[in-house]
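In what follows, a single structure is set out as structure tokens and then discussed.
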Amino acid sequence: MVRLPLTPAQLEAGRRLGAALRAARGDRDLVDVAASAGISPETLRKIESGRLPTPAFGTVVALSRTLDIPLEELADIWQPSVAHRPAS
């Protein structure tokens with residue numbers, strides 16, 4: 001199966017998700033957070049920088065738990081509801 005290229009909206013969503021995770025990590029060491037989530041530090045770097053805009057669901061769940069962010073909050077960051085979307 002061929003994966004379609006990500007849309008600009010998906011890429012932007014990945015940047016928002018990465019920024020939110022980076023902010024939640026704060027001063028915590030990236031390597032420690034990655035280890036706690038069961039992912040590689042490079043994967044966490046890629047997510048935080050937006051270079052991995054659509055991480056696997058299990059990865060998002062693990063980061064949600066590790067960083068104590070409700071999964072619903074991360075979902076709203078990645079795909080804001082219509083009420084929270086900026087006006088076009």
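A note on labels: chains of the structure tokens are A, B, ... as shown, every chain counts residues from 1, and ligands are counted from 1 in their shown order.
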
Legend entry - DSSP-assigned alpha helix (DSSP H) among chain A, expressed as a PyMOL selection string: chain A and resi 8-25+30-37+41-49+57-67+71-78

Limited to N, CA and C atoms, could you put the picked residues into a file as a short mmCIF file (atom, residue, chain, number, x, y, z; two decimals), in the first residue's frame?
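As a result, result.cif now contains:
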```
data_model
loop_
_atom_site.label_atom_id
_atom_site.label_comp_id
_atom_site.auth_asym_id
_atom_site.auth_seq_id
_atom_site.Cartn_x
_atom_site.Cartn_y
_atom_site.Cartn_z
N PRO A 8 -0.75 19.89 3.90
CA PRO A 8 -0.22 21.00 4.72
C PRO A 8 -0.90 21.07 6.10
N ALA A 9 -2.18 20.77 6.16
CA ALA A 9 -2.90 20.80 7.44
C ALA A 9 -2.36 19.72 8.39
N GLN A 10 -2.06 18.54 7.87
CA GLN A 10 -1.49 17.48 8.69
C GLN A 10 -0.09 17.84 9.17
N LEU A 11 0.69 18.46 8.31
CA LEU A 11 2.04 18.88 8.72
C LEU A 11 1.97 19.93 9.82
N GLU A 12 1.04 20.87 9.69
CA GLU A 12 0.86 21.90 10.71
C GLU A 12 0.37 21.28 12.02
N ALA A 13 -0.51 20.30 11.93
CA ALA A 13 -1.00 19.61 13.13
C ALA A 13 0.16 18.93 13.84
N GLY A 14 1.06 18.34 13.08
CA GLY A 14 2.23 17.70 13.67
C GLY A 14 3.14 18.69 14.36
N ARG A 15 3.26 19.88 13.79
CA ARG A 15 4.07 20.93 14.43
C ARG A 15 3.43 21.38 15.75
N ARG A 16 2.10 21.51 15.74
CA ARG A 16 1.40 21.89 16.97
C ARG A 16 1.56 20.82 18.05
N LEU A 17 1.40 19.57 17.65
CA LEU A 17 1.55 18.47 18.60
C LEU A 17 2.97 18.44 19.17
N GLY A 18 3.96 18.56 18.31
CA GLY A 18 5.35 18.56 18.76
C GLY A 18 5.66 19.69 19.70
N ALA A 19 5.15 20.87 19.40
CA ALA A 19 5.38 22.03 20.26
C ALA A 19 4.73 21.84 21.62
N ALA A 20 3.54 21.26 21.64
CA ALA A 20 2.84 21.03 22.90
C ALA A 20 3.58 20.00 23.74
N LEU A 21 4.08 18.95 23.11
CA LEU A 21 4.82 17.93 23.84
C LEU A 21 6.13 18.51 24.38
N ARG A 22 6.78 19.32 23.57
CA ARG A 22 8.04 19.94 24.01
C ARG A 22 7.78 20.86 25.20
N ALA A 23 6.72 21.62 25.15
CA ALA A 23 6.38 22.52 26.26
C ALA A 23 6.05 21.72 27.52
N ALA A 24 5.34 20.61 27.36
CA ALA A 24 4.98 19.78 28.51
C ALA A 24 6.21 19.11 29.12
N ARG A 25 7.18 18.79 28.29
CA ARG A 25 8.41 18.16 28.80
C ARG A 25 9.18 19.15 29.65
N LEU A 30 15.23 14.97 27.69
CA LEU A 30 14.61 14.29 26.55
C LEU A 30 14.85 12.79 26.61
N VAL A 31 16.06 12.37 26.93
CA VAL A 31 16.40 10.94 26.98
C VAL A 31 15.57 10.23 28.05
N ASP A 32 15.40 10.87 29.21
CA ASP A 32 14.62 10.28 30.29
C ASP A 32 13.15 10.15 29.91
N VAL A 33 12.61 11.19 29.29
CA VAL A 33 11.20 11.15 28.87
C VAL A 33 11.00 10.08 27.81
N ALA A 34 11.89 10.02 26.84
CA ALA A 34 11.78 8.99 25.80
C ALA A 34 11.83 7.60 26.40
N ALA A 35 12.77 7.37 27.32
CA ALA A 35 12.88 6.06 27.95
C ALA A 35 11.61 5.72 28.73
N SER A 36 11.06 6.68 29.44
CA SER A 36 9.82 6.45 30.20
C SER A 36 8.65 6.11 29.28
N ALA A 37 8.66 6.69 28.10
CA ALA A 37 7.58 6.44 27.13
C ALA A 37 7.85 5.20 26.28
N PRO A 41 15.10 8.33 21.86
CA PRO A 41 15.25 9.79 21.92
C PRO A 41 15.10 10.44 20.55
N GLU A 42 15.59 9.77 19.51
CA GLU A 42 15.48 10.34 18.17
C GLU A 42 14.02 10.47 17.74
N THR A 43 13.21 9.49 18.09
CA THR A 43 11.78 9.57 17.77
C THR A 43 11.16 10.77 18.47
N LEU A 44 11.47 10.96 19.75
CA LEU A 44 10.92 12.10 20.48
C LEU A 44 11.42 13.41 19.87
N ARG A 45 12.68 13.48 19.48
CA ARG A 45 13.21 14.69 18.82
C ARG A 45 12.43 14.99 17.54
N LYS A 46 12.18 13.95 16.76
CA LYS A 46 11.45 14.13 15.50
C LYS A 46 10.03 14.60 15.74
N ILE A 47 9.37 14.05 16.75
CA ILE A 47 8.00 14.47 17.06
C ILE A 47 8.00 15.93 17.51
N GLU A 48 8.88 16.25 18.46
CA GLU A 48 8.92 17.62 18.98
C GLU A 48 9.26 18.66 17.92
N SER A 49 10.06 18.28 16.96
CA SER A 49 10.46 19.23 15.91
C SER A 49 9.47 19.29 14.75
N PHE A 57 -0.25 5.86 17.21
CA PHE A 57 -1.17 6.07 18.32
C PHE A 57 -0.56 5.62 19.65
N GLY A 58 0.07 4.46 19.65
CA GLY A 58 0.70 3.96 20.87
C GLY A 58 1.76 4.90 21.40
N THR A 59 2.48 5.55 20.50
CA THR A 59 3.51 6.52 20.90
C THR A 59 2.86 7.73 21.55
N VAL A 60 1.78 8.20 20.98
CA VAL A 60 1.08 9.36 21.55
C VAL A 60 0.51 9.00 22.92
N VAL A 61 -0.05 7.81 23.06
CA VAL A 61 -0.58 7.36 24.35
C VAL A 61 0.54 7.31 25.39
N ALA A 62 1.67 6.74 25.02
CA ALA A 62 2.80 6.63 25.96
C ALA A 62 3.30 8.01 26.38
N LEU A 63 3.39 8.93 25.44
CA LEU A 63 3.83 10.29 25.78
C LEU A 63 2.79 11.00 26.64
N SER A 64 1.52 10.77 26.35
CA SER A 64 0.45 11.35 27.14
C SER A 64 0.58 10.93 28.60
N ARG A 65 0.81 9.67 28.81
CA ARG A 65 0.95 9.15 30.18
C ARG A 65 2.24 9.63 30.83
N THR A 66 3.32 9.59 30.09
CA THR A 66 4.61 10.00 30.65
C THR A 66 4.62 11.47 31.04
N LEU A 67 4.00 12.31 30.20
CA LEU A 67 4.00 13.75 30.45
C LEU A 67 2.76 14.22 31.22
N LEU A 71 -5.06 12.50 27.01
CA LEU A 71 -5.04 12.16 25.59
C LEU A 71 -6.00 13.04 24.80
N GLU A 72 -7.12 13.37 25.39
CA GLU A 72 -8.11 14.24 24.73
C GLU A 72 -7.49 15.60 24.41
N GLU A 73 -6.66 16.10 25.31
CA GLU A 73 -5.99 17.39 25.09
C GLU A 73 -5.05 17.31 23.88
N LEU A 74 -4.31 16.22 23.78
CA LEU A 74 -3.42 16.05 22.63
C LEU A 74 -4.22 15.91 21.34
N ALA A 75 -5.35 15.23 21.41
CA ALA A 75 -6.21 15.09 20.22
C ALA A 75 -6.71 16.46 19.78
N ASP A 76 -7.09 17.30 20.74
CA ASP A 76 -7.58 18.64 20.39
C ASP A 76 -6.47 19.52 19.82
N ILE A 77 -5.25 19.30 20.26
CA ILE A 77 -4.12 20.04 19.71
C ILE A 77 -3.87 19.61 18.27
N TRP A 78 -3.91 18.30 18.03
CA TRP A 78 -3.64 17.79 16.69
C TRP A 78 -4.77 18.11 15.73
#
```

Inset, instruction - Work out how far CA of Ser40 (chain A) is from CA of Pro70 (chain A), in Å to one decimal. - result: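 That distance, rounded to one decimal, is 21.7 Å.
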
Legend entry - Atomic separation - CA of Pro53 (chain A) relative to CA of Thr7 (chain A), Å: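 For CA of Thr7 (chain A) relative to CA of Pro53 (chain A), the distance reads 10.5 Å.
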
Inset, instruction - Using CA of Leu6 (chain A) and CA of Thr54 (chain A) as the two end points, give the distance in Å to one decimal. - result: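 The value is 8.9 Å.
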